[in-house]
Structure formats: structure tokens, C-alpha cells
Amino acid sequence: MKKIIIADDSGMARMFIRRCLQIIGLGDTDIREATDGREALEMAKDDPPNLLITDLNMPNLDGESLLKRVKSSPKLCDLPVLVITSAGNPAREQALKEMGALGVLHKPVSPAMLVEILGDFIES
Amino acid sequence: MSKTGTDLAPDVFRAVGESIENMAFMEVTHGTEAPTGEVSWASISIDDPIRDRLYLGIPLPLLRQLTGSVFGLDEAELTEQMLRDTLAELLNTLGGVLFTRILPPQVTYQLGLPEHGTGPFPKTPADDFCWCMQLEDAALILAADGNGLATL
């Protein structure tokens with residue numbers, strides 16, 4: 001069973017993303033939730049997921065720092081990281097992709113946006 | 001020439017409307033009145049490239065309705081935390097949508113974390129950077145301190 005970690009300090013945002021994942025056919029996935037970057041990192045180290053979806057603006061290790069830590073970890077460096085943020089622009093998106101993000105989506109996300117970027121993940 | 005609240009009104013309306021429509025599938029229309037009764041509100045700092053603060057006020061019955069729609073639950077099943085989460089996330093999202101609209105694409109911006117407010121909503125429609133809207137026959141209000149936005 002595939003495993004996904006959703007990192008966002010907003011319970012509503014986590015729920016919303018979970019529902020979008022269910023709509024696009026990932027409802028049977030083991031979806032775990034973290035309320036900040038530090039918790040997400042610990043969860044990923046303990047039991048590496050197949051995908052990490054993270055907000056940027058979080059307390060206790062923000063999304064950008066989480067992305068850097070994941071990509072610099074020998075254990076987690078190949079983990080796909082999808083960033084979902086309310087505060088983006090082309091320059092920042094490019095920087096995040098250069099750091100290794102799978103993609104950057106702007107809130108509010110929709111199932112269609114997730115399908116577009118997670119198509120290969122869904123099919124595999 | 002400095003920006004006024006009126007100058008920003010079209011982008012504000014589109015940012016709020018787009019956010020609520022995508023999150024709760026509800027349509028926002030223009031309004032002139034501030035919400036009455038018990039109003040839940042939150043604020044978020046704008047840290048870069050300007051310093052300002054946004055405030056979002058939603059009357060509690062409307063917030064319950066919005067939250068029920070977002071979570072897909074009956075209002076009786078909603079918790080206080082869900083209501084707070086919805087308000088905070090809505091403010092966070094529309095703040096991002098707004099700044100993506102009003103700033104040039106090459107300019108990065110930074111928002112703070114939403115903070116819940118206590119007491120009455122701190123702004124009124126008489127304030128320059130204050131925008132009233134209607135949602136399901138109820139009013140909601142978005143406002144800013146304005147000192148940073150005016151410099152855009």
C-alpha cells in the first residue's frame with residue numbers, strides 16, 4: 001500500500017488535500033498527517049512514505065527547510081516532495097524545484113491540479 | 001501615487017471569491033455592510049515585500065455553514081477547532097491569492113501565520129482598506145491596516 005504524508009499546520013488544509021487525494025483515486029493509500037515540518041520529517045524518517053505533500057508556511061520547521069532536509073538525507077533524498085502553498089510566485093517556484101520539489105501548487109488546490117502533477121504516481 | 005482601498009477592491013473581491021468558491025463551492029457577491037452579531041475573525045501579517053496585516057471577519061453562523069461545506073459535515077458535527085481552522089486557512093489562502101494578483105510575478109512575498117482575534121472586529125467599513133462582501137445573505141469583511149498596501 002502506498003504511503004503519503006501531508007504536512008500542514010491547518011487541519012482544514014490537511015483534510016482538504018486528503019479529500020482531493022481520495023477523489024483522484026488515492027483513497028486506499030495510507031495517508032498520515034503532520035502538523036509541522038519537524039513532525040513530518042520524523043514520521044518520514046521512521047517510516048519512509050512514497051510521497052510527501054507539504055505546505056510552506058508552518059511552525060517548527062517550515063516547508064522549504066523540510067524540503068532541504070529531505071533532499072539532503074541519504075535515506076529520504078529520493079522521496080518525491082510536492083509543495084502546496086498560498087504564497088508562491090514563479091521565482092520561488094523555480095527555486096523550490098531546483099531544490100528538488102516535484103512541483104509547486106497554489107492553494108486552493110483541486111483534484112484536477114493533483115491529477116496533473118501526480119499522474120505517474122497514481123498509475124504506478 | 002499611493003494605492004487606496006478602492007484601487008485594490010477588484011483584486012480583493014476576486015481573491016476572496018476565488019478562494020471561497022474553490023474551497024467551499026459558495027459564491028461571493030459585492031456588499032456594503034459589515035457583518036453583525038458575533039463575528040469570528042483572524043489576522044495574518046504580511047512580512048515581505050511590504051509590512052501590513054490582513055483581517056478577515058465572518059459571522060459565526062456563516063462560518064459554521066462554510067466549515068460544514070468544506071468538511072462535508074453537518075453543522076452539528078463541527079468542532080471549535082474546525083471553525084478556527086477554516087477561518088485561518090481561508091485567510092491564509094486568500095492572502096496568497098491576493099498577493100499573487102497584485103504583485104509582479106517576479107516579486108516574492110511572505111505571509112505570517114494566521115492568528116485568531118478576540119473581541120470585536122478591529123476595522124469598520126469607514127476605514128479605507130476595508131472591503132465588505134456578501135455570502136449566502138450574510139456579510140463578511142476583509143480589512144487591512146493599509147500602511148504597506150498603500151505603498152504598492
# chains A, B, ... in the order shown; residues from 1 in each chain; ligands from 1

call {"tool": "residues_around", "arguments": {"residues": "Ala88 (chain B)", "least_positions_apart": "4", "cutoff": "10 Å", "atoms": "only C-alpha atoms", "output": "PyMOL selection string"}}
result
(chain A and resi 10-13) or (chain B and resi 41-44+56+82-84+92-93+113-116)

call {"tool": "interface_residues", "arguments": {"of": "chain B", "to": "chain A", "cutoff": "8 Å", "atoms": "only C-alpha atoms", "output": "VMD selection string"}}
result
chain B and resid 19 22 to 23 70 to 71 82 85 to 86 88 to 89 92 to 97 99 to 100 105 to 113

call {"tool": "residues_around", "arguments": {"residues": "region 24-33 of chain A", "least_positions_apart": "3", "cutoff": "6 Å", "atoms": "only C-alpha atoms", "output": "list of chain:residue names"}}
result
A:Lys2, A:Lys3, A:Ile4, A:Ile5, A:Ile6, A:Ala7, A:Leu21

call {"tool": "select_by_dssp", "arguments": {"residues": "region 86-148 of chain B", "states": "helix (DSSP H, G or I)", "output": "ChimeraX atom specification"}}
result
/B:86-102

call {"tool": "residues_around", "arguments": {"residues": "Leu79 (chain A)", "least_positions_apart": "6", "cutoff": "9 Å", "atoms": "only C-alpha atoms", "output": "short mmCIF file (atom, residue, chain, number, x, y, z; two decimals) with C-alpha atoms, in the first residue's frame"}}
result
data_model
loop_
_atom_site.label_atom_id
_atom_site.label_comp_id
_atom_site.auth_asym_id
_atom_site.auth_seq_id
_atom_site.Cartn_x
_atom_site.Cartn_y
_atom_site.Cartn_z
CA PRO A 48 9.52 6.49 4.69
CA PRO A 49 6.46 7.33 2.59
CA ASN A 50 6.10 7.22 -1.18
CA LEU A 51 5.11 10.87 -1.36
CA LEU A 52 5.35 13.92 0.90
CA VAL A 70 14.62 15.57 2.95
CA LYS A 71 16.77 16.12 -0.11
#

call {"tool": "select_by_dssp", "arguments": {"residues": "chain B", "states": "strand (DSSP E)", "output": "ChimeraX atom specification"}}
result
/B:28-30,39-48,52-59,110-111,115-116,130-135,138-144

call {"tool": "write_last_selection", "arguments": {"atoms": "N, CA and C atoms", "output": "short mmCIF file (atom, residue, chain, number, x, y, z; two decimals), in the first residue's frame"}}
result
data_model
loop_
_atom_site.label_atom_id
_atom_site.label_comp_id
_atom_site.auth_asym_id
_atom_site.auth_seq_id
_atom_site.Cartn_x
_atom_site.Cartn_y
_atom_site.Cartn_z
N VAL B 28 -19.44 34.37 -3.76
CA VAL B 28 -19.35 35.66 -3.07
C VAL B 28 -19.88 36.76 -3.99
N THR B 29 -20.65 37.68 -3.43
CA THR B 29 -21.11 38.83 -4.20
C THR B 29 -20.70 40.12 -3.48
N HIS B 30 -20.81 41.23 -4.17
CA HIS B 30 -20.41 42.51 -3.58
C HIS B 30 -21.36 42.90 -2.45
N VAL B 39 -19.00 37.88 15.50
CA VAL B 39 -18.12 37.75 14.33
C VAL B 39 -16.82 37.07 14.75
N SER B 40 -16.52 35.98 14.09
CA SER B 40 -15.22 35.33 14.30
C SER B 40 -14.22 35.99 13.36
N TRP B 41 -13.04 36.28 13.88
CA TRP B 41 -12.08 36.91 12.98
C TRP B 41 -10.67 36.45 13.27
N ALA B 42 -9.87 36.60 12.25
CA ALA B 42 -8.45 36.23 12.34
C ALA B 42 -7.65 37.26 11.55
N SER B 43 -6.37 37.32 11.83
CA SER B 43 -5.50 38.24 11.09
C SER B 43 -4.23 37.51 10.70
N ILE B 44 -3.57 38.06 9.70
CA ILE B 44 -2.31 37.49 9.24
C ILE B 44 -1.38 38.62 8.86
N SER B 45 -0.14 38.49 9.25
CA SER B 45 0.82 39.56 8.91
C SER B 45 1.32 39.36 7.48
N ILE B 46 1.60 40.48 6.86
CA ILE B 46 2.30 40.47 5.58
C ILE B 46 3.70 40.97 5.88
N ASP B 47 4.68 40.11 5.67
CA ASP B 47 6.02 40.43 6.15
C ASP B 47 6.96 40.93 5.05
N ASP B 48 6.66 40.58 3.84
CA ASP B 48 7.54 40.96 2.74
C ASP B 48 6.76 40.88 1.43
N ASP B 52 2.34 44.79 6.55
CA ASP B 52 0.94 45.14 6.73
C ASP B 52 0.26 43.98 7.46
N ARG B 53 -1.04 44.08 7.65
CA ARG B 53 -1.78 42.99 8.29
C ARG B 53 -3.16 42.92 7.67
N LEU B 54 -3.60 41.71 7.37
CA LEU B 54 -4.94 41.48 6.84
C LEU B 54 -5.82 40.91 7.94
N TYR B 55 -7.10 41.31 7.92
CA TYR B 55 -8.05 40.84 8.91
C TYR B 55 -9.28 40.29 8.16
N LEU B 56 -9.74 39.13 8.57
CA LEU B 56 -10.94 38.54 7.96
C LEU B 56 -11.97 38.28 9.04
N GLY B 57 -13.17 38.82 8.85
CA GLY B 57 -14.24 38.64 9.82
C GLY B 57 -15.44 37.95 9.18
N ILE B 58 -15.91 36.90 9.80
CA ILE B 58 -17.06 36.14 9.28
C ILE B 58 -18.02 35.92 10.45
N PRO B 59 -19.32 36.23 10.27
CA PRO B 59 -20.26 35.96 11.37
C PRO B 59 -20.30 34.46 11.64
N GLN B 110 5.96 37.15 1.56
CA GLN B 110 5.97 36.29 2.73
C GLN B 110 4.81 36.68 3.65
N LEU B 111 3.98 35.70 3.97
CA LEU B 111 2.89 35.92 4.92
C LEU B 111 3.25 35.26 6.24
N GLU B 115 -3.53 34.35 12.98
CA GLU B 115 -3.75 34.47 14.43
C GLU B 115 -5.23 34.76 14.66
N HIS B 116 -5.80 34.07 15.61
CA HIS B 116 -7.23 34.29 15.88
C HIS B 116 -7.42 35.52 16.73
N CYS B 130 -10.89 48.51 3.71
CA CYS B 130 -11.90 47.63 4.28
C CYS B 130 -12.88 47.29 3.18
N TRP B 131 -13.14 45.99 3.02
CA TRP B 131 -13.97 45.55 1.91
C TRP B 131 -15.05 44.62 2.43
N CYS B 132 -16.29 44.95 2.13
CA CYS B 132 -17.42 44.13 2.58
C CYS B 132 -17.95 43.31 1.43
N MET B 133 -18.32 42.10 1.71
CA MET B 133 -18.86 41.21 0.71
C MET B 133 -20.03 40.44 1.28
N GLN B 134 -20.80 39.82 0.40
CA GLN B 134 -21.96 39.04 0.79
C GLN B 134 -21.75 37.58 0.40
N LEU B 135 -22.19 36.72 1.28
CA LEU B 135 -22.13 35.28 1.01
C LEU B 135 -23.35 34.65 1.66
N ALA B 138 -25.37 36.71 4.04
CA ALA B 138 -24.66 37.21 5.22
C ALA B 138 -23.46 38.01 4.75
N ALA B 139 -23.04 38.93 5.59
CA ALA B 139 -21.89 39.76 5.23
C ALA B 139 -20.61 39.18 5.79
N LEU B 140 -19.54 39.39 5.07
CA LEU B 140 -18.22 39.11 5.62
C LEU B 140 -17.34 40.31 5.28
N ILE B 141 -16.25 40.42 6.00
CA ILE B 141 -15.44 41.63 5.89
C ILE B 141 -13.97 41.29 5.87
N LEU B 142 -13.25 41.90 4.96
CA LEU B 142 -11.80 41.78 4.88
C LEU B 142 -11.23 43.19 5.03
N ALA B 143 -10.19 43.33 5.80
CA ALA B 143 -9.61 44.65 6.00
C ALA B 143 -8.10 44.54 6.13
N ALA B 144 -7.46 45.67 6.03
CA ALA B 144 -6.01 45.72 6.21
C ALA B 144 -5.65 46.99 6.96
#

call {"tool": "residues_around", "arguments": {"residues": "Glu39 (chain A)", "least_positions_apart": "4", "cutoff": "9 Å", "atoms": "only C-alpha atoms", "output": "PyMOL selection string"}}
result
chain A and resi 7+33-35+43-44+60-61

call {"tool": "decode", "arguments": {"residues": "region 88-121 of chain A", "atoms": "N, CA and C atoms", "output": "tab-separated table (two decimals), in the first residue's frame"}}
result
chain	number	residue	atom	x	y	z
A	88	GLY	N	3.11	31.84	-3.30
A	88	GLY	CA	4.05	31.44	-4.32
A	88	GLY	C	4.16	32.46	-5.42
A	89	ASN	N	5.18	32.33	-6.21
A	89	ASN	CA	5.31	33.09	-7.44
A	89	ASN	C	6.32	32.34	-8.30
A	90	PRO	N	6.43	32.67	-9.56
A	90	PRO	CA	7.30	31.89	-10.46
A	90	PRO	C	8.73	31.78	-9.97
A	91	ALA	N	9.28	32.86	-9.41
A	91	ALA	CA	10.68	32.82	-8.97
A	91	ALA	C	10.85	31.83	-7.82
A	92	ARG	N	9.93	31.87	-6.88
A	92	ARG	CA	10.04	30.97	-5.73
A	92	ARG	C	9.77	29.54	-6.15
A	93	GLU	N	8.83	29.37	-7.04
A	93	GLU	CA	8.53	28.02	-7.52
A	93	GLU	C	9.75	27.41	-8.19
A	94	GLN	N	10.41	28.19	-8.99
A	94	GLN	CA	11.61	27.70	-9.68
A	94	GLN	C	12.68	27.32	-8.66
A	95	ALA	N	12.83	28.15	-7.64
A	95	ALA	CA	13.83	27.86	-6.61
A	95	ALA	C	13.50	26.56	-5.89
A	96	LEU	N	12.24	26.34	-5.60
A	96	LEU	CA	11.83	25.12	-4.91
A	96	LEU	C	12.06	23.89	-5.78
A	97	LYS	N	11.78	24.04	-7.06
A	97	LYS	CA	12.02	22.91	-7.97
A	97	LYS	C	13.50	22.61	-8.08
A	98	GLU	N	14.32	23.66	-8.07
A	98	GLU	CA	15.77	23.46	-8.13
A	98	GLU	C	16.29	22.80	-6.86
A	99	MET	N	15.55	22.99	-5.76
A	99	MET	CA	15.91	22.30	-4.51
A	99	MET	C	15.47	20.84	-4.53
A	100	GLY	N	14.63	20.51	-5.53
A	100	GLY	CA	14.21	19.12	-5.65
A	100	GLY	C	12.74	18.85	-5.50
A	101	ALA	N	11.92	19.89	-5.38
A	101	ALA	CA	10.48	19.68	-5.26
A	101	ALA	C	9.93	19.07	-6.55
A	102	LEU	N	9.02	18.13	-6.38
A	102	LEU	CA	8.36	17.51	-7.53
A	102	LEU	C	7.57	18.55	-8.29
A	103	GLY	N	6.95	19.45	-7.54
A	103	GLY	CA	6.16	20.51	-8.13
A	103	GLY	C	5.69	21.45	-7.05
A	104	VAL	N	5.11	22.57	-7.47
A	104	VAL	CA	4.58	23.56	-6.54
A	104	VAL	C	3.17	23.92	-6.99
A	105	LEU	N	2.20	23.70	-6.12
A	105	LEU	CA	0.82	24.04	-6.42
A	105	LEU	C	0.37	25.17	-5.51
A	106	HIS	N	-0.52	26.01	-6.04
A	106	HIS	CA	-1.04	27.11	-5.25
A	106	HIS	C	-2.36	26.74	-4.62
A	107	LYS	N	-2.54	27.12	-3.38
A	107	LYS	CA	-3.84	26.94	-2.73
A	107	LYS	C	-4.82	27.95	-3.33
A	108	PRO	N	-6.09	27.61	-3.43
A	108	PRO	CA	-6.68	26.32	-3.07
A	108	PRO	C	-6.45	25.28	-4.17
A	109	VAL	N	-5.99	24.10	-3.76
A	109	VAL	CA	-5.74	23.04	-4.74
A	109	VAL	C	-7.07	22.42	-5.15
A	110	SER	N	-7.04	21.70	-6.24
A	110	SER	CA	-8.21	20.99	-6.72
A	110	SER	C	-7.77	19.59	-7.14
A	111	PRO	N	-8.70	18.66	-7.21
A	111	PRO	CA	-8.33	17.32	-7.70
A	111	PRO	C	-7.67	17.37	-9.07
A	112	ALA	N	-8.14	18.25	-9.93
A	112	ALA	CA	-7.56	18.32	-11.28
A	112	ALA	C	-6.08	18.72	-11.23
A	113	MET	N	-5.75	19.63	-10.33
A	113	MET	CA	-4.36	20.05	-10.20
A	113	MET	C	-3.50	18.89	-9.72
A	114	LEU	N	-4.04	18.11	-8.80
A	114	LEU	CA	-3.26	16.98	-8.27
A	114	LEU	C	-3.07	15.89	-9.32
A	115	VAL	N	-4.12	15.65	-10.10
A	115	VAL	CA	-4.01	14.63	-11.15
A	115	VAL	C	-2.91	15.00	-12.14
A	116	GLU	N	-2.87	16.29	-12.46
A	116	GLU	CA	-1.90	16.74	-13.46
A	116	GLU	C	-0.46	16.47	-13.02
A	117	ILE	N	-0.22	16.65	-11.72
A	117	ILE	CA	1.16	16.53	-11.26
A	117	ILE	C	1.47	15.14	-10.69
A	118	LEU	N	0.43	14.42	-10.28
A	118	LEU	CA	0.65	13.11	-9.67
A	118	LEU	C	0.23	11.96	-10.58
A	119	GLY	N	0.03	12.26	-11.85
A	119	GLY	CA	-0.44	11.25	-12.78
A	119	GLY	C	0.37	9.96	-12.73
A	120	ASP	N	1.69	10.09	-12.82
A	120	ASP	CA	2.56	8.90	-12.80
A	120	ASP	C	2.47	8.18	-11.47
A	121	PHE	N	2.38	8.95	-10.39
A	121	PHE	CA	2.30	8.35	-9.05
A	121	PHE	C	1.02	7.54	-8.91
